[in-house]
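Data from work_16.csv: CSV, C-alpha atoms and all ligand atoms
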chain,number,residue,atom,x,y,z
Q,647,MET,CA,141.2,173.0,-18.2
Q,648,ILE,CA,144.2,174.3,-20.2
Q,649,LEU,CA,147.2,172.3,-19.4
Q,650,ASP,CA,150.7,172.7,-20.8
Q,651,VAL,CA,152.1,169.4,-22.1
Q,652,TYR,CA,154.8,169.4,-19.5
Q,653,GLU,CA,152.2,169.9,-16.8
Q,654,ALA,CA,150.1,167.0,-18.2
Q,655,VAL,CA,153.2,164.7,-18.3
Q,656,THR,CA,154.4,165.6,-14.8
Q,657,SER,CA,151.0,165.7,-13.1
Q,658,ARG,CA,150.1,162.3,-14.5
Q,659,ARG,CA,150.7,159.5,-12.0
Q,660,ALA,CA,149.2,156.2,-11.2
Q,661,VAL,CA,146.4,157.3,-8.9
Q,662,ARG,CA,145.0,154.6,-6.6
Q,663,GLY,CA,142.1,156.4,-4.9
Q,664,PHE,CA,139.2,157.8,-6.8
Q,665,THR,CA,135.9,159.5,-5.8
Q,666,ASP,CA,132.6,158.2,-7.2
Q,667,ARG,CA,132.1,161.5,-9.1
Q,668,HIS,CA,130.6,160.6,-12.5
Q,669,VAL,CA,132.8,160.9,-15.6
Q,670,PRO,CA,130.6,162.2,-18.4
Q,671,ARG,CA,130.5,160.1,-21.6
Q,672,GLU,CA,131.2,163.2,-23.8
Q,673,VAL,CA,134.5,163.8,-21.9
Q,674,LEU,CA,135.6,160.2,-22.5
Q,675,GLU,CA,134.6,160.5,-26.2
Q,676,ARG,CA,136.6,163.8,-26.5
Q,677,VAL,CA,139.7,162.2,-24.9
Q,678,LEU,CA,139.4,159.0,-27.0
Q,679,SER,CA,138.8,160.9,-30.2
Q,680,ALA,CA,141.9,163.0,-29.7
Q,681,ALA,CA,143.9,160.0,-28.6
Q,682,ALA,CA,143.2,158.3,-31.9
Q,683,TRP,CA,145.7,160.7,-33.3
Q,684,SER,CA,148.5,158.7,-31.6
Q,685,PRO,CA,151.2,157.5,-33.9
Q,686,SER,CA,151.5,153.9,-35.0
Q,687,GLY,CA,153.8,152.1,-37.5
Q,688,SER,CA,152.2,152.3,-40.9
Q,689,ASN,CA,149.2,153.8,-39.1
Q,690,LEU,CA,147.9,150.4,-38.1
Q,691,GLN,CA,146.2,151.8,-35.0
Q,692,PRO,CA,146.4,148.5,-33.3
Q,693,TRP,CA,144.5,149.4,-30.1
Q,694,HIS,CA,141.1,148.0,-29.3
Q,695,ALA,CA,139.7,150.0,-26.4
Q,696,TYR,CA,136.6,149.2,-24.4
Q,697,VAL,CA,135.2,151.8,-21.9
Q,698,LEU,CA,133.2,150.6,-19.0
Q,699,THR,CA,131.0,152.6,-16.6
Q,700,GLY,CA,127.9,152.1,-14.6
Q,701,ALA,CA,126.3,148.7,-14.1
Q,702,PRO,CA,128.7,146.7,-16.4
Q,703,LEU,CA,131.7,148.1,-14.5
Q,704,ALA,CA,130.0,147.4,-11.1
Q,705,GLU,CA,129.4,143.8,-12.3
Q,706,LEU,CA,133.0,143.3,-13.4
Q,707,LYS,CA,134.3,144.6,-10.0
Q,708,LYS,CA,131.9,142.3,-8.2
Q,709,ARG,CA,132.9,139.2,-10.1
Q,710,ALA,CA,136.6,140.0,-9.8
Q,711,LEU,CA,136.4,140.6,-6.1
Q,712,GLU,CA,134.4,137.4,-5.7
Q,713,ARG,CA,137.2,135.5,-7.4
Q,714,VAL,CA,139.8,137.1,-5.1
Q,715,ALA,CA,137.6,136.4,-2.0
Q,716,ALA,CA,137.3,132.7,-3.1
Q,717,GLY,CA,141.1,132.6,-3.5
Q,718,ALA,CA,140.7,131.6,-7.1
Q,719,PRO,CA,143.9,131.3,-9.1
Q,720,GLY,CA,144.4,133.8,-11.9
Q,721,ASP,CA,143.7,132.9,-15.5
Q,722,GLU,CA,146.6,131.4,-17.5
Q,723,ARG,CA,148.8,134.2,-18.7
Q,724,GLU,CA,148.7,135.3,-22.3
Q,725,TYR,CA,151.9,137.3,-22.1
Q,726,GLU,CA,154.7,137.6,-19.6
Q,727,THR,CA,154.3,140.8,-17.5
Q,728,TYR,CA,157.9,140.7,-16.5
Q,729,PRO,CA,160.8,138.4,-17.3
Q,730,PRO,CA,161.0,135.7,-14.5
Q,731,ALA,CA,164.5,136.9,-13.5
Q,732,LEU,CA,164.7,140.6,-13.8
Q,733,LYS,CA,168.3,141.8,-14.2
Q,734,SER,CA,169.9,144.9,-13.0
Q,735,PRO,CA,169.0,147.8,-13.0
Q,736,TYR,CA,165.4,146.8,-13.5
Q,737,ARG,CA,165.4,144.5,-10.5
Q,738,GLU,CA,166.5,147.3,-8.2
Q,739,ARG,CA,164.0,149.7,-9.7
Q,740,ARG,CA,161.2,147.2,-9.1
Q,741,PHE,CA,162.3,146.7,-5.6
Q,742,ALA,CA,162.4,150.4,-5.0
Q,743,PHE,CA,158.9,150.7,-6.4
Q,744,GLY,CA,157.6,148.0,-4.0
Q,745,ARG,CA,159.3,149.7,-1.1
Q,746,GLU,CA,157.7,153.1,-2.0
Q,747,ARG,CA,154.3,151.6,-2.8
Q,748,TYR,CA,153.9,149.4,0.2
Q,749,GLY,CA,155.9,151.6,2.5
Q,750,GLU,CA,153.3,154.4,2.1
Q,751,LEU,CA,150.7,151.9,3.1
Q,752,GLY,CA,152.7,150.9,6.1
Q,753,ILE,CA,153.1,147.3,4.8
Q,754,ALA,CA,156.3,145.4,5.5
Q,755,ARG,CA,158.2,143.8,2.6
Q,756,GLU,CA,157.7,140.3,4.0
Q,757,ASP,CA,154.0,140.7,4.8
Q,758,TRP,CA,152.7,139.0,1.6
Q,759,ALA,CA,149.1,138.8,2.8
Q,760,ALA,CA,148.9,142.5,3.4
Q,761,ARG,CA,150.5,143.2,0.0
Q,762,GLN,CA,147.9,140.9,-1.6
Q,763,ARG,CA,145.1,142.8,0.2
Q,764,ALA,CA,146.4,146.1,-1.0
Q,765,ALA,CA,146.7,144.7,-4.6
Q,766,ALA,CA,143.1,143.6,-4.4
Q,767,ALA,CA,142.1,147.3,-4.7
Q,768,ASN,CA,143.0,146.8,-8.3
Q,769,TRP,CA,139.7,144.8,-8.7
Q,770,ASP,CA,137.7,147.7,-7.4
Q,771,CYS,CA,139.5,150.0,-9.9
Q,772,PHE,CA,140.6,151.9,-6.8
Q,773,GLY,CA,137.0,153.2,-6.6
Q,774,ALA,CA,137.0,154.7,-10.1
Q,775,PRO,CA,133.6,155.0,-11.8
Q,776,ALA,CA,135.1,154.4,-15.3
Q,777,ALA,CA,137.6,152.0,-16.7
Q,778,LEU,CA,139.2,151.4,-20.1
Q,779,PHE,CA,140.4,147.9,-21.2
Q,780,CYS,CA,142.9,147.8,-24.0
Q,781,TYR,CA,143.3,144.8,-26.3
Q,782,ILE,CA,145.7,144.0,-29.1
Q,783,ASP,CA,145.5,141.5,-31.8
Q,784,ARG,CA,147.3,138.3,-31.0
Q,785,GLU,CA,149.0,138.2,-34.4
Q,786,LEU,CA,150.6,141.6,-34.0
Q,787,GLY,CA,154.2,142.0,-32.8
Q,788,ARG,CA,156.4,144.0,-30.5
Q,789,PRO,CA,156.3,147.2,-32.5
Q,790,GLN,CA,152.5,147.2,-32.4
Q,791,TRP,CA,152.6,146.6,-28.6
Q,792,ALA,CA,154.7,149.8,-28.4
Q,793,ASP,CA,152.1,151.6,-30.5
Q,794,VAL,CA,149.5,150.6,-28.0
Q,795,GLY,CA,151.7,152.0,-25.2
Q,796,MET,CA,151.9,155.3,-26.9
Q,797,TYR,CA,148.1,155.3,-27.4
Q,798,LEU,CA,147.6,154.6,-23.7
Q,799,GLN,CA,150.0,157.4,-22.6
Q,800,THR,CA,148.2,159.8,-24.9
Q,801,VAL,CA,144.9,158.8,-23.3
Q,802,MET,CA,146.3,159.4,-19.8
Q,803,LEU,CA,147.7,162.8,-20.7
Q,804,LEU,CA,144.4,163.9,-22.3
Q,805,LEU,CA,142.6,162.8,-19.2
Q,806,ARG,CA,144.8,165.2,-17.2
Q,807,ALA,CA,143.7,168.0,-19.5
Q,808,GLU,CA,140.1,167.1,-18.5
Q,809,GLY,CA,141.0,167.2,-14.8
Q,810,LEU,CA,140.8,163.5,-14.6
Q,811,HIS,CA,143.4,160.9,-13.3
Q,812,SER,CA,144.1,157.3,-14.2
Q,813,CYS,CA,145.9,154.2,-13.3
Q,814,PRO,CA,147.1,151.7,-15.9
Q,815,GLN,CA,146.6,148.2,-14.7
Q,816,MET,CA,148.2,145.1,-16.1
Q,817,ALA,CA,146.7,143.4,-13.0
Q,818,TRP,CA,143.5,143.0,-15.0
Q,819,SER,CA,145.3,140.5,-17.3
Q,820,VAL,CA,145.2,138.1,-14.3
Q,821,TYR,CA,141.4,138.0,-14.5
Q,822,ARG,CA,141.1,138.5,-18.2
Q,823,ARG,CA,138.4,135.8,-18.5
Q,824,THR,CA,136.2,137.7,-16.1
Q,825,VAL,CA,136.8,140.9,-18.1
Q,826,ALA,CA,135.9,139.0,-21.3
Q,827,GLU,CA,132.6,137.7,-19.7
Q,828,ILE,CA,131.5,141.4,-19.5
Q,829,LEU,CA,133.1,142.7,-22.7
Q,830,SER,CA,132.8,139.7,-25.1
Q,831,PRO,CA,135.8,140.8,-27.2
Q,832,PRO,CA,136.2,139.0,-30.5
Q,833,GLU,CA,138.4,136.0,-30.6
Q,834,GLY,CA,142.0,136.7,-31.3
Q,835,LEU,CA,142.4,139.7,-29.1
Q,836,ILE,CA,144.7,139.7,-26.0
Q,837,LEU,CA,143.9,141.9,-23.1
Q,838,PHE,CA,147.0,144.1,-22.5
Q,839,CYS,CA,145.7,146.1,-19.5
Q,840,GLY,CA,142.9,147.9,-17.8
Q,841,MET,CA,143.0,151.6,-16.8
Q,842,SER,CA,141.0,153.1,-14.0
Q,843,ILE,CA,139.7,156.6,-14.8
Q,844,GLY,CA,138.1,159.2,-12.5
Q,845,PHE,CA,138.6,162.1,-10.2
Q,846,GLU,CA,141.3,161.7,-7.6
Q,847,ASP,CA,140.3,161.2,-4.0
Q,848,VAL,CA,142.8,163.5,-2.5
Q,849,THR,CA,142.2,162.0,1.0
Q,850,VAL,CA,144.0,158.8,-0.2
Q,851,GLY,CA,147.7,159.2,0.4
Q,852,CYS,CA,150.1,158.8,-2.5
Q,853,ALA,CA,153.8,158.8,-2.6
Q,854,ARG,CA,155.3,160.2,-5.8
Q,855,THR,CA,157.4,157.6,-7.5
Q,856,GLY,CA,161.0,158.6,-8.4
Q,857,ARG,CA,162.9,158.3,-11.7
Q,858,ALA,CA,166.4,157.2,-12.6
Q,859,PRO,CA,168.8,160.1,-13.2
Q,860,LEU,CA,168.8,161.2,-16.9
Q,861,GLU,CA,172.4,159.8,-17.4
Q,862,GLU,CA,171.1,156.3,-16.6
Q,863,THR,CA,168.5,156.2,-19.4
Q,864,VAL,CA,169.6,158.8,-21.9
Q,865,THR,CA,172.9,159.0,-23.9
Q,866,PHE,CA,173.6,162.1,-25.8
Q,867,VAL,CA,175.9,161.5,-28.7
Q,868,GLU,CA,177.3,164.8,-30.0
Q,869,GLY,CA,180.5,166.5,-30.9
Q,870,SER,CA,182.6,166.3,-34.1
Q,871,VAL,CA,182.8,162.5,-34.6
Q,872,LEU,CA,180.3,162.3,-37.4
Q,873,ARG,CA,181.5,165.5,-39.1
Q,874,SER,CA,185.1,164.2,-39.1
Q,875,HIS,CA,183.9,161.0,-40.7
Q,876,ALA,CA,182.1,162.9,-43.4
Q,877,ALA,CA,185.2,165.0,-44.1
V,1,LIG,C1,151.6,149.0,-18.5
V,1,LIG,C2,151.4,149.3,-17.1
V,1,LIG,C3,150.8,148.5,-16.2
V,1,LIG,C4,150.6,148.8,-14.8
V,1,LIG,N1,149.9,148.0,-14.0
V,1,LIG,C5,149.6,148.4,-12.8
V,1,LIG,C6,148.7,147.6,-12.0
V,1,LIG,O1,148.3,146.5,-12.4
V,1,LIG,N2,148.4,148.1,-10.7
V,1,LIG,C7,148.9,149.3,-10.3
V,1,LIG,O2,148.5,149.6,-9.1
V,1,LIG,N3,149.7,150.0,-11.0
V,1,LIG,C8,150.1,149.6,-12.2
V,1,LIG,N4,150.9,150.4,-13.0
V,1,LIG,C9,151.4,151.7,-12.5
V,1,LIG,C10,152.9,151.7,-12.3
V,1,LIG,O3,153.2,151.0,-11.1
V,1,LIG,C11,153.4,153.1,-12.3
V,1,LIG,O4,153.1,153.7,-13.5
V,1,LIG,C12,154.9,153.3,-12.0
V,1,LIG,O5,155.1,152.8,-10.7
V,1,LIG,C13,155.3,154.7,-12.0
V,1,LIG,O6,154.6,155.6,-11.2
V,1,LIG,P1,153.7,156.8,-11.7
V,1,LIG,O7,152.8,156.3,-12.8
V,1,LIG,O8,152.8,157.1,-10.5
V,1,LIG,O9,154.6,157.8,-12.1
V,1,LIG,C14,151.1,150.1,-14.4
V,1,LIG,C15,151.8,150.9,-15.3
V,1,LIG,C16,151.9,150.6,-16.6
V,1,LIG,C17,152.6,151.5,-17.5
Please rewrite the model in this file as structure tokens.
Amino acid sequence: MILDVYEAVTSRRAVRGFTDRHVPREVLERVLSAAAWSPSGSNLQPWHAYVLTGAPLAELKKRALERVAAGAPGDEREYETYPPALKSPYRERRFAFGRERYGELGIAREDWAARQRAAAANWDCFGAPAALFCYIDRELGRPQWADVGMYLQTVMLLLRAEGLHSCPQMAWSVYRRTVAEILSPPEGLILFCGMSIGFEDVTVGCARTGRAPLEETVTFVEGSVLRSHAA
């Protein structure tokens, strides 16, 4: 599937409904081999990716869903997913996301139990037959976390080129010990996020998320200011 980069970027979205169609190992290898060309400061390549399919993924889903069903608390957090008090404009954007996400499922804002049930689909990887778990070394800093983000976006865009979809999931950091039981990562790694991978189940509804207008997030600095300084 030949996909223009713009098409890859704009057709990527967090898909939350997958078919059980098998994702071939060679496709995943092709994607991850190309994604290795992602940039990173001083070429540290700070990503540690684990790819799970078949019985190990089924076992992980089973164990995570058992924890949810038992009402077990999440594992102690290794990083803060969001600041406790989100300031404007992020608070409003998060609110708008919740409204879009749960609105499409017909769940009211105050219906916490229904929201939790919808969120539980995370532990089934939304039905996806493949998942990637991305770790980063505990000793690395913010620039390396940014490198990992670039890597993950590259993976997601390449998946589009293969006709596949994805959903990045920080939710998995909540059950990171269960993930570790299956993956046995070396000491010293922090689980940043999971990522469901597969073919989209087009029968599952999906509202496209919006974006802030360009002026809110981008500032063009142009004109003659610098030139007049240089003169
Ligand atoms: C680092 C990261 C973690 C995310 N974690 C979750 C998650 O745990 N569960 C989920 O359903 N979506 C998750 N998302 C998806 C976001 O909600 C989604 O990217 C955002 O709302 C924009 O929508 P779009 O990706 O469909 O364009 C995550 C996205 C990122 C980048």
field: For range 648-652 of chain Q: contacts at 9 Å, only C-alpha atoms, fewer than 4 positions along chain excluded, given as a list in words
entry: Thr656, Ser657, Leu803, Arg806, Ala807 and Glu808 of chain Q
- request: Give me the residues within 12 Å of Cys852 in chain Q as a PyMOL selection string, counting only C-alpha atoms and dropping any in the same chain fewer than 5 places off.
  value: chain Q and resi 659-664+746-752+846-847
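Among Q:Ala682, Q:Ile828, Q:Ala654, Q:Val867, the residue with the shortest atom-to-atom distance to ligand LIG 1 (chain V), counting all atoms listed in the file, is Q:Ala654.
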message: So, with all atoms listed in the file as the atoms that count, which of Q:Arg755, Q:His668, Q:Arg788, Q:Arg739 lies closest to ligand LIG 1 (chain V)?
response: Q:Arg739
- prompt: Can you tell me which residues sit at most 10 Å away from ligand LIG 1 (chain V), counting only C-alpha atoms and all ligand atoms, written as an NGL selection string?
  reply: :Q and (655-662 or 727 or 739-740 or 742-744 or 746-747 or 764-769 or 771-772 or 794-795 or 798-799 or 812-820 or 838-842 or 852-857)
- prompt: Between Q:Glu726, Q:Glu756, Q:Asp721, Q:Glu675, which is the closest to Ala826 in chain Q once you count only C-alpha atoms?
  reply: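 When distances to Ala826 in chain Q are compared using only C-alpha atoms, the smallest one comes from Q:Asp721.
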Among the residues Q:Ala858, Q:Ala718, Q:Leu805, Q:Ile753, the one that comes closest to Tyr821 in chain Q [using only C-alpha atoms]: Q:Ala718
